[in-house]
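Below is one structure, written out as structure tokens; comments come after it.
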Amino acid sequence: MTLDMFEQEGVNAGQYELYGQDIHIIRGLALPYVDGIMHALTKQIKPQSPLRQMTTPSGYSMSVAMTNCGQRGWVTSRSGYYYADVDPLTHQHWPDMPAIFISLAQAAANKASFVNFKPDSCLINEYQAGSKMSLHQDKDEVDLSAPIVSVSLGISATFLLGGFKRQDKTMRIALHHGDVMVWGRSDRLRFHGILPIKAAFHAVTEDCRMNLTFRKAL
Ligand code: SIN
Ligand code: FE2
């Protein structure tokens, strides 16, 4: 457990930062939603569609455990990356997207002037110490005019923001509990990733970081 974690989180709540043309961070925007989000995750979403480590098309097991809620969910398997209407683990529809998730995603999108954002998919990522997300683009969505809204919960992470080519220089942005990032338009296809998470403890998520990524897949 680190003391700086507690010092960073909440202190800058409400602070707004802009990166590139259209990458917006609103610090602490999710804080008032945290209890409701955690309740829905624990009582509704995880029991219905458990977190699982998916396999990449090249056969690696992802270090991040994932599940989804909403009409469709992003999955990866030996056959590729795709959006599935049915959870391949349970063969049932994904859990409904809780109203509080939609409210937060829309409030965040509005703050970044993306009006009428209607997410149909929320990917839920759980990072343990050492988990990481390699540089990638989010490009499996049909409608690239919709933004991506990404919510950080629990222990902090370092987000890598790259350019439009994998080898472009990256910048590092610290993301803390409650921070929300919204990006789209000319920055929609930037490469991005998460550095390996450092071991820490957070009162809300204990030894992990959670990330909710809202998208319009279709
Ligand atoms: C992702 O890009 O899929 C996840 C980003 C994050 O965990 O903040
Ligand atoms: Fe992504």
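Going through the structure tokens in order, the chains are called A, B, and so on, while each chain numbers its residues from 1 and the ligands are numbered from 1 in the order shown.
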task = Give the residue list for ligand 2 at 9 Å, counting only C-alpha atoms and all ligand atoms, as a ChimeraX atom specification, sorted by chain and then by residue number.
result = /A:133,135-139,148,150,191-193,213
task = Write down as number ranges by chain the residues of chain A whose backbone DSSP state falls under alpha helix (DSSP H).
result = A: 3-8, 34-40, 46-48, 99-111
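For the pair atom CA of Pro119 of chain A and atom CA of Val180 of chain A, the interatomic distance is 15.1 Å.
In this comparison, which uses only C-alpha atoms, the residue of A:Lys118, A:Gly184, A:Gly73, A:Pro196 approaching Ser156 of chain A most closely is A:Pro196.
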request  = Would you kindly return, as a ChimeraX atom specification, each protein, DNA or RNA residue with an atom no farther than 7 Å from any atom of Trp74 of chain A, considering only C-alpha atoms and excluding same-chain residues fewer than 2 positions away?
outcome  = /A:72,82-84,123
Could you write out the selected residues, including C-alpha atoms, as a PDB file, in the first residue's frame?
```
ATOM      1  CA  ARG A  72     -22.765  -7.188 -26.898  1.00  0.00           C
ATOM      2  CA  TYR A  82     -14.973  -9.725 -32.133  1.00  0.00           C
ATOM      3  CA  TYR A  83     -18.158  -8.496 -30.484  1.00  0.00           C
ATOM      4  CA  ALA A  84     -20.433 -11.316 -29.343  1.00  0.00           C
ATOM      5  CA  LEU A 123     -15.945  -4.207 -21.288  1.00  0.00           C
TER       6      LEU A 123
END
```
